[in-house]
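Source file final.csv; content: CSV, C-alpha atoms.
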chain,number,residue,atom,x,y,z
F,56,MET,CA,20.3,181.3,15.9
F,57,LYS,CA,20.1,179.8,19.4
F,58,VAL,CA,21.0,182.2,22.3
F,59,ARG,CA,22.2,179.5,24.7
F,60,PHE,CA,24.3,181.7,26.9
F,61,HIS,CA,22.1,184.8,27.7
F,62,ASP,CA,23.1,186.4,31.0
F,63,GLN,CA,26.2,184.2,31.3
F,64,VAL,CA,29.7,185.5,31.8
F,65,VAL,CA,32.5,183.7,30.0
F,66,LEU,CA,36.2,184.2,30.5
F,67,VAL,CA,38.4,183.1,27.7
F,68,THR,CA,42.2,183.1,28.2
F,69,GLY,CA,44.4,183.5,25.2
F,70,GLY,CA,41.4,185.1,23.4
F,71,GLY,CA,43.2,187.5,21.2
F,72,ALA,CA,43.8,185.2,18.3
F,73,GLY,CA,43.2,181.7,16.8
F,74,ILE,CA,41.2,179.2,18.8
F,75,GLY,CA,40.5,181.6,21.7
F,76,GLN,CA,39.3,184.3,19.3
F,77,ALA,CA,36.8,181.9,17.6
F,78,ILE,CA,35.5,180.7,21.0
F,79,ALA,CA,35.0,184.2,22.3
F,80,GLN,CA,33.2,185.3,19.1
F,81,ARG,CA,30.9,182.3,19.2
F,82,PHE,CA,30.0,182.8,22.9
F,83,ALA,CA,29.3,186.4,22.3
F,84,ALA,CA,27.1,185.6,19.3
F,85,GLU,CA,25.0,183.4,21.5
F,86,GLY,CA,24.3,186.0,24.2
F,87,ALA,CA,27.2,185.7,26.6
F,88,ALA,CA,29.1,188.6,28.1
F,89,VAL,CA,32.7,187.7,27.2
F,90,VAL,CA,36.0,188.6,28.9
F,91,ILE,CA,38.9,188.3,26.5
F,92,ALA,CA,42.3,187.9,28.3
F,93,ASP,CA,45.5,188.0,26.4
F,94,ARG,CA,49.2,188.9,27.1
F,95,LEU,CA,48.9,191.3,24.1
F,96,LEU,CA,46.3,193.9,24.9
F,97,PRO,CA,46.0,195.1,21.3
F,98,SER,CA,45.1,191.6,20.2
F,99,ALA,CA,42.4,191.3,22.9
F,100,GLU,CA,41.1,194.8,22.0
F,101,ARG,CA,40.9,194.0,18.3
F,102,VAL,CA,38.7,190.9,18.9
F,103,ALA,CA,36.6,192.9,21.4
F,104,ALA,CA,36.0,195.6,18.9
F,105,GLU,CA,34.7,193.0,16.4
F,106,ILE,CA,32.4,191.6,19.0
F,107,ARG,CA,31.2,195.0,20.1
F,108,GLY,CA,30.6,196.0,16.5
F,109,ALA,CA,28.3,192.9,16.2
F,110,GLY,CA,26.3,194.0,19.2
F,111,GLY,CA,28.0,191.8,21.8
F,112,LYS,CA,29.0,192.5,25.3
F,113,VAL,CA,32.7,192.2,25.9
F,114,LEU,CA,35.7,193.3,28.0
F,115,ALA,CA,39.3,193.1,26.8
F,116,ALA,CA,42.0,192.7,29.4
F,117,ARG,CA,45.8,192.4,29.3
F,118,SER,CA,46.8,189.5,31.6
F,119,ASP,CA,49.7,187.1,32.0
F,120,VAL,CA,47.8,184.1,33.3
F,121,THR,CA,51.0,182.5,34.6
F,122,GLN,CA,51.0,185.1,37.3
F,123,SER,CA,48.6,184.8,40.2
F,124,SER,CA,48.4,188.6,40.7
F,125,ASP,CA,47.4,189.0,37.1
F,126,VAL,CA,44.8,186.3,37.3
F,127,ASP,CA,43.3,187.9,40.5
F,128,ALA,CA,43.2,191.3,38.8
F,129,LEU,CA,41.6,189.8,35.7
F,130,VAL,CA,38.8,188.0,37.5
F,131,SER,CA,38.2,191.0,39.7
F,132,ALA,CA,37.8,193.2,36.6
F,133,ALA,CA,35.4,190.7,35.0
F,134,GLU,CA,33.3,190.6,38.2
F,135,ARG,CA,33.2,194.4,38.5
F,136,THR,CA,32.1,194.7,34.8
F,137,PHE,CA,29.7,191.8,34.4
F,138,GLY,CA,29.4,189.8,37.6
F,139,SER,CA,30.8,186.4,38.6
F,140,ILE,CA,32.2,184.0,36.0
F,141,ASP,CA,29.9,181.3,34.8
F,142,ILE,CA,32.2,179.6,32.3
F,143,LEU,CA,36.0,179.6,32.3
F,144,VAL,CA,37.8,178.6,29.1
F,145,ASN,CA,41.4,177.9,29.8
F,146,ASN,CA,42.8,178.3,26.3
F,147,ALA,CA,46.1,180.1,26.8
F,148,GLY,CA,49.0,178.0,25.7
F,149,GLY,CA,52.1,177.7,23.6
F,150,CYS,CA,55.1,175.5,22.8
F,151,GLU,CA,58.8,176.2,23.2
F,152,GLY,CA,60.8,173.2,24.3
F,153,ASP,CA,61.3,170.1,22.2
F,154,GLY,CA,63.5,167.2,23.1
F,155,LEU,CA,64.5,166.4,26.7
F,156,VAL,CA,68.2,166.4,25.9
F,157,SER,CA,68.3,169.7,24.0
F,158,MET,CA,65.8,171.5,26.2
F,159,ASP,CA,66.9,173.6,29.2
F,160,LYS,CA,65.0,174.1,32.4
F,161,ALA,CA,63.9,177.6,31.5
F,162,ALA,CA,62.1,176.3,28.4
F,163,TRP,CA,60.5,173.5,30.4
F,164,ASP,CA,59.3,176.0,33.0
F,165,ARG,CA,57.9,178.3,30.5
F,166,ASP,CA,55.9,175.6,28.7
F,167,VAL,CA,54.6,174.2,32.0
F,168,ALA,CA,53.7,177.6,33.4
F,169,LEU,CA,51.8,178.7,30.2
F,170,ASN,CA,50.0,175.5,29.6
F,171,LEU,CA,49.3,174.0,33.0
F,172,THR,CA,50.0,176.5,35.8
F,173,SER,CA,47.8,179.1,34.1
F,174,ALA,CA,44.8,176.6,34.1
F,175,PHE,CA,45.4,175.9,37.8
F,176,LEU,CA,45.6,179.7,38.7
F,177,CYS,CA,42.4,180.5,36.8
F,178,ALA,CA,40.4,177.6,38.1
F,179,ASN,CA,41.7,178.3,41.7
F,180,ARG,CA,40.4,181.8,41.4
F,181,VAL,CA,36.9,181.1,40.0
F,182,LEU,CA,36.0,177.9,41.8
F,183,PRO,CA,35.1,179.3,45.2
F,184,ASP,CA,32.4,181.5,43.6
F,185,MET,CA,31.1,178.7,41.4
F,186,MET,CA,30.9,176.5,44.6
F,187,GLU,CA,28.9,179.2,46.3
F,188,LYS,CA,26.5,179.5,43.3
F,189,ARG,CA,26.5,175.7,43.0
F,190,ARG,CA,27.0,175.9,39.3
F,191,GLY,CA,29.7,176.6,36.7
F,192,VAL,CA,31.7,175.2,33.8
F,193,ILE,CA,35.4,174.9,33.4
F,194,LEU,CA,36.6,174.0,29.9
F,195,ASN,CA,40.3,173.3,29.4
F,196,ILE,CA,41.9,173.3,25.9
F,197,SER,CA,44.5,170.6,25.9
F,198,SER,CA,46.0,168.9,22.8
F,199,VAL,CA,46.4,165.6,21.1
F,200,ASN,CA,50.0,165.9,22.4
F,201,GLY,CA,48.6,165.2,25.8
F,202,LEU,CA,47.3,161.9,24.7
F,203,THR,CA,50.0,160.4,22.5
F,204,PHE,CA,53.7,161.1,21.6
F,205,LEU,CA,54.1,163.8,19.0
F,206,GLY,CA,57.3,165.5,20.2
F,207,SER,CA,57.5,168.7,22.2
F,208,GLU,CA,57.9,167.0,25.5
F,209,ALA,CA,57.4,169.9,27.9
F,210,TYR,CA,54.3,171.1,26.1
F,211,SER,CA,53.0,167.5,25.9
F,212,ALA,CA,53.6,166.8,29.6
F,213,ALA,CA,51.8,170.1,30.5
F,214,LYS,CA,48.8,169.3,28.3
F,215,ALA,CA,48.6,165.8,29.8
F,216,GLY,CA,48.6,167.6,33.2
F,217,VAL,CA,45.7,169.7,32.1
F,218,ILE,CA,43.7,166.6,31.4
F,219,SER,CA,44.4,165.2,34.9
F,220,LEU,CA,43.6,168.6,36.5
F,221,SER,CA,40.3,168.8,34.7
F,222,ARG,CA,39.3,165.3,35.7
F,223,SER,CA,40.2,166.2,39.3
F,224,VAL,CA,38.0,169.2,39.2
F,225,ALA,CA,35.1,167.2,37.7
F,226,ALA,CA,35.4,164.5,40.5
F,227,ARG,CA,36.0,166.8,43.5
F,228,TYR,CA,33.6,169.6,42.7
F,229,GLY,CA,30.8,167.9,40.7
F,230,ARG,CA,28.7,167.9,43.9
F,231,TYR,CA,28.6,171.6,43.6
F,232,GLY,CA,27.1,171.5,40.2
F,233,ILE,CA,30.4,172.3,38.5
F,234,ARG,CA,31.3,170.5,35.3
F,235,SER,CA,34.9,170.3,33.9
F,236,ASN,CA,35.8,168.9,30.5
F,237,VAL,CA,38.7,168.9,28.1
F,238,ILE,CA,39.0,169.5,24.3
F,239,ALA,CA,42.1,168.0,22.7
F,240,PRO,CA,42.6,169.6,19.3
F,241,GLY,CA,44.9,168.4,16.6
F,242,SER,CA,46.7,170.7,14.2
F,243,VAL,CA,44.6,173.9,13.7
F,244,ARG,CA,45.2,176.8,11.3
F,245,THR,CA,46.2,179.6,13.7
F,246,PRO,CA,48.8,182.4,13.7
F,247,VAL,CA,51.1,180.3,15.9
F,248,TRP,CA,52.2,178.4,12.8
F,249,GLN,CA,53.6,181.5,11.0
F,250,ASP,CA,57.2,181.2,11.9
F,251,ARG,CA,57.3,177.5,11.0
F,252,LEU,CA,55.6,178.2,7.7
F,253,LYS,CA,58.3,180.7,6.9
F,254,ARG,CA,60.9,178.0,7.4
F,255,ASN,CA,58.9,175.3,5.6
F,256,PRO,CA,56.2,176.6,3.3
F,257,LYS,CA,55.0,173.1,2.6
F,258,LEU,CA,54.4,172.3,6.2
F,259,PHE,CA,50.6,172.3,6.1
F,260,GLU,CA,50.8,170.1,2.9
F,261,THR,CA,52.9,167.5,4.8
F,262,VAL,CA,50.8,167.6,8.0
F,263,THR,CA,47.5,167.4,6.2
F,264,LYS,CA,48.4,163.9,5.0
F,265,TRP,CA,48.4,162.7,8.6
F,266,TYR,CA,44.7,163.4,9.1
F,267,PRO,CA,42.1,160.8,8.0
F,268,LEU,CA,39.6,163.5,7.2
F,269,GLY,CA,42.0,165.1,4.8
F,270,ARG,CA,42.3,168.6,6.2
F,271,LEU,CA,43.7,170.6,9.1
F,272,GLY,CA,41.3,172.0,11.7
F,273,GLU,CA,40.0,175.5,11.8
F,274,PRO,CA,39.5,177.5,15.0
F,275,GLU,CA,35.8,177.3,14.5
F,276,ASP,CA,35.9,173.5,14.7
F,277,VAL,CA,37.2,173.8,18.3
F,278,ALA,CA,34.7,176.6,19.1
F,279,HIS,CA,31.8,174.4,18.0
F,280,ALA,CA,32.9,171.7,20.5
F,281,ALA,CA,33.5,174.3,23.2
F,282,LEU,CA,30.0,175.7,23.0
F,283,PHE,CA,28.4,172.3,23.1
F,284,LEU,CA,30.4,171.2,26.2
F,285,ALA,CA,29.6,174.5,28.0
F,286,SER,CA,25.9,174.3,27.1
F,287,GLN,CA,22.9,172.7,28.8
F,288,GLU,CA,22.9,170.1,26.1
F,289,ALA,CA,26.0,168.7,27.8
F,290,SER,CA,24.6,169.1,31.4
F,291,TRP,CA,25.4,165.4,32.2
F,292,ILE,CA,28.9,165.4,30.7
F,293,SER,CA,31.8,166.0,33.0
F,294,GLY,CA,35.4,164.7,33.2
F,295,ILE,CA,35.7,163.8,29.6
F,296,VAL,CA,38.4,164.4,27.0
F,297,LEU,CA,37.0,165.2,23.5
F,298,PRO,CA,39.5,165.0,20.7
F,299,VAL,CA,38.8,167.5,17.9
F,300,ASP,CA,41.4,166.1,15.6
F,301,GLY,CA,40.1,165.0,12.2
F,302,GLY,CA,40.5,161.4,13.2
F,303,LEU,CA,44.2,161.7,13.9
F,304,LEU,CA,44.2,159.7,17.1
F,305,ALA,CA,42.3,156.9,15.4
F,306,GLY,CA,45.6,156.2,13.6
F,307,ASN,CA,47.4,157.1,10.4
F,308,GLU,CA,50.1,155.0,8.7
F,309,VAL,CA,51.5,158.0,6.8
F,310,MET,CA,52.2,159.9,10.0
F,311,ARG,CA,53.7,156.9,11.7
F,312,ARG,CA,56.1,156.3,8.8
F,313,GLU,CA,57.1,159.9,8.6
F,314,LEU,CA,57.7,160.4,12.3
F,315,MET,CA,59.8,157.3,12.4
F,316,ALA,CA,61.8,158.5,9.5
F,317,GLU,CA,62.5,161.8,11.3
F,318,ASP,CA,63.7,159.8,14.3
F,319,VAL,CA,66.1,157.9,12.1
F,320,LEU,CA,67.5,161.0,10.6
Write the structure described by the file as structure tokens, please.
Amino acid sequence: MKVRFHDQVVLVTGGGAGIGQAIAQRFAAEGAAVVIADRLLPSAERVAAEIRGAGGKVLAARSDVTQSSDVDALVSAAERTFGSIDILVNNAGGCEGDGLVSMDKAAWDRDVALNLTSAFLCANRVLPDMMEKRRGVILNISSVNGLTFLGSEAYSAAKAGVISLSRSVAARYGRYGIRSNVIAPGSVRTPVWQDRLKRNPKLFETVTKWYPLGRLGEPEDVAHAALFLASQEASWISGIVLPVDGGLLAGNEVMRRELMAEDVL
């Protein structure tokens, strides 16, 4: 296996499960020292134990990345343990509000804070050191929701904001050797679906029909893309949005009909 990230320090937010876990594990397998940040420390420690058991270098940290004090403490701990951050993966996210009329301001604020403000706070903290080193990678995990209407307006607006923020970083800080890119996943099998699956056990069966490739994504699908964009193979790629979506954004008549039927109902 290639060891593309030897002696590099990678910070993955929301790394205690799902996409973040897969990204952290892949970076560690390719030689990086990985810092796993999660609001749930036991989740971060569980992933860290798996990485450590496989011979990887890892630090687990409890952090609420919507809070600047937590982000500062997180990055400081990473720097004390491994040195400065080479690659930042802003993966932390979640969805609460849906529908502008039914949503209250508190739900809006939570979605924007978790999905957009967290990316700003982490980038704001690591960019000065990257500028000094004249190198660095910031990789932001957005969503297909940030590119087209799929409901969940607060989450979608925040994920669209992540795309704009990432492009701004690419344009403003590229002269320092810093690259910034976005991955926009479609529906990926992660623990975040558990509550919805309890309410509708056939949910995955319904959603799978929307994807031209005929399956939902797996966390590893996103991790593969993340490692490519962070690697030297992508050294002249910056400011892009890479959909990892099984062809969803190319268009699907089944999805269009079903979404319109829901609106009518």
Taking (27.3, 189.9, 36.3) as a centre in this file's frame and 9 Å as the limit, can you find every polymer residue with an atom that close, using all atoms listed in the file, and give them as an NGL selection string? :F and (62-64 or 88 or 133-140)
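The shortest atom-to-atom distance to Thr263 in chain F, with all atoms listed in the file taken into account, belongs to F:Gly241 out of F:Gly152, F:Gly69, F:Gly75, F:Gly241.
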If we count all atoms listed in the file, what is near Ile233 in chain F at a cut-off of 9 Å, once residues fewer than 2 positions away on the same chain are taken out, given as a short mmCIF file (atom, residue, chain, number, x, y, z; two decimals) with C-alpha atoms, in the coordinates of the input?
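Once written, part30.cif looks like this:
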data_model
loop_
_atom_site.label_atom_id
_atom_site.label_comp_id
_atom_site.auth_asym_id
_atom_site.auth_seq_id
_atom_site.Cartn_x
_atom_site.Cartn_y
_atom_site.Cartn_z
CA LEU F 182 36.00 177.90 41.80
CA MET F 185 31.10 178.70 41.40
CA MET F 186 30.90 176.50 44.60
CA ARG F 189 26.50 175.70 43.00
CA ARG F 190 27.00 175.90 39.30
CA GLY F 191 29.70 176.60 36.70
CA VAL F 192 31.70 175.20 33.80
CA ILE F 193 35.40 174.90 33.40
CA VAL F 224 38.00 169.20 39.20
CA ALA F 225 35.10 167.20 37.70
CA TYR F 228 33.60 169.60 42.70
CA GLY F 229 30.80 167.90 40.70
CA ARG F 230 28.70 167.90 43.90
CA TYR F 231 28.60 171.60 43.60
CA SER F 235 34.90 170.30 33.90
CA SER F 293 31.80 166.00 33.00
#
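Residues lying at most 7 Å from (29.6, 170.9, 31.0) in file coordinates, with only C-alpha atoms considered, are Val192, Arg234, Ser235, Asn236, Leu284, Ala285, Ser286, Ala289, Ser290, Ile292 and Ser293 of chain F.
The two atoms in question, CA of Ala84 in chain F and CA of Arg107 in chain F, are spaced 10.3 Å apart.
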- Message: Using all atoms listed in the file, which protein or nucleic acid residues come within 10 Å of Val167 in chain F? Drop anything in the same chain fewer than 2 positions from it, and give the result as a PyMOL selection string.
- Response: chain F and resi 121+148-152+161-165+169-173+209-214+216-217
Range 254-272 of chain F written out with N, CA and C atoms as a PDB file, in the first residue's frame:
ATOM      1  N   ARG F 254     -38.256   4.728  12.124  1.00  0.00           N
ATOM      2  CA  ARG F 254     -39.577   5.212  11.728  1.00  0.00           C
ATOM      3  C   ARG F 254     -40.008   4.647  10.383  1.00  0.00           C
ATOM      4  N   ASN F 255     -39.034   4.402   9.512  1.00  0.00           N
ATOM      5  CA  ASN F 255     -39.340   3.913   8.164  1.00  0.00           C
ATOM      6  C   ASN F 255     -38.287   2.892   7.756  1.00  0.00           C
ATOM      7  N   PRO F 256     -38.504   1.613   8.076  1.00  0.00           N
ATOM      8  CA  PRO F 256     -37.500   0.579   7.766  1.00  0.00           C
ATOM      9  C   PRO F 256     -37.198   0.436   6.283  1.00  0.00           C
ATOM     10  N   LYS F 257     -38.074   0.920   5.406  1.00  0.00           N
ATOM     11  CA  LYS F 257     -37.862   0.814   3.967  1.00  0.00           C
ATOM     12  C   LYS F 257     -37.207   2.062   3.375  1.00  0.00           C
ATOM     13  N   LEU F 258     -36.702   2.938   4.239  1.00  0.00           N
ATOM     14  CA  LEU F 258     -36.143   4.206   3.766  1.00  0.00           C
ATOM     15  C   LEU F 258     -35.011   4.001   2.773  1.00  0.00           C
ATOM     16  N   PHE F 259     -34.049   3.151   3.102  1.00  0.00           N
ATOM     17  CA  PHE F 259     -32.911   2.933   2.196  1.00  0.00           C
ATOM     18  C   PHE F 259     -33.386   2.364   0.865  1.00  0.00           C
ATOM     19  N   GLU F 260     -34.372   1.486   0.914  1.00  0.00           N
ATOM     20  CA  GLU F 260     -34.913   0.904  -0.322  1.00  0.00           C
ATOM     21  C   GLU F 260     -35.489   1.997  -1.215  1.00  0.00           C
ATOM     22  N   THR F 261     -36.195   2.952  -0.603  1.00  0.00           N
ATOM     23  CA  THR F 261     -36.776   4.054  -1.366  1.00  0.00           C
ATOM     24  C   THR F 261     -35.705   4.963  -1.939  1.00  0.00           C
ATOM     25  N   VAL F 262     -34.756   5.354  -1.083  1.00  0.00           N
ATOM     26  CA  VAL F 262     -33.743   6.313  -1.491  1.00  0.00           C
ATOM     27  C   VAL F 262     -32.801   5.724  -2.543  1.00  0.00           C
ATOM     28  N   THR F 263     -32.497   4.445  -2.440  1.00  0.00           N
ATOM     29  CA  THR F 263     -31.577   3.811  -3.394  1.00  0.00           C
ATOM     30  C   THR F 263     -32.063   3.966  -4.832  1.00  0.00           C
ATOM     31  N   LYS F 264     -33.379   3.988  -5.032  1.00  0.00           N
ATOM     32  CA  LYS F 264     -33.927   4.121  -6.386  1.00  0.00           C
ATOM     33  C   LYS F 264     -33.556   5.451  -7.031  1.00  0.00           C
ATOM     34  N   TRP F 265     -33.188   6.433  -6.228  1.00  0.00           N
ATOM     35  CA  TRP F 265     -32.849   7.741  -6.774  1.00  0.00           C
ATOM     36  C   TRP F 265     -31.460   7.776  -7.403  1.00  0.00           C
ATOM     37  N   TYR F 266     -30.627   6.799  -7.082  1.00  0.00           N
ATOM     38  CA  TYR F 266     -29.220   6.861  -7.476  1.00  0.00           C
ATOM     39  C   TYR F 266     -28.970   6.072  -8.754  1.00  0.00           C
ATOM     40  N   PRO F 267     -28.481   6.719  -9.815  1.00  0.00           N
ATOM     41  CA  PRO F 267     -28.239   6.020 -11.073  1.00  0.00           C
ATOM     42  C   PRO F 267     -27.341   4.797 -10.936  1.00  0.00           C
ATOM     43  N   LEU F 268     -26.385   4.815 -10.009  1.00  0.00           N
ATOM     44  CA  LEU F 268     -25.513   3.650  -9.841  1.00  0.00           C
ATOM     45  C   LEU F 268     -26.154   2.540  -9.024  1.00  0.00           C
ATOM     46  N   GLY F 269     -27.364   2.750  -8.544  1.00  0.00           N
ATOM     47  CA  GLY F 269     -28.136   1.668  -7.949  1.00  0.00           C
ATOM     48  C   GLY F 269     -27.748   1.271  -6.539  1.00  0.00           C
ATOM     49  N   ARG F 270     -27.034   2.118  -5.821  1.00  0.00           N
ATOM     50  CA  ARG F 270     -26.724   1.828  -4.426  1.00  0.00           C
ATOM     51  C   ARG F 270     -26.474   3.120  -3.671  1.00  0.00           C
ATOM     52  N   LEU F 271     -26.580   3.060  -2.349  1.00  0.00           N
ATOM     53  CA  LEU F 271     -26.189   4.180  -1.511  1.00  0.00           C
ATOM     54  C   LEU F 271     -24.668   4.198  -1.373  1.00  0.00           C
ATOM     55  N   GLY F 272     -24.158   5.327  -0.902  1.00  0.00           N
ATOM     56  CA  GLY F 272     -22.728   5.420  -0.677  1.00  0.00           C
ATOM     57  C   GLY F 272     -22.327   4.752   0.625  1.00  0.00           C
TER      58      GLY F 272
END
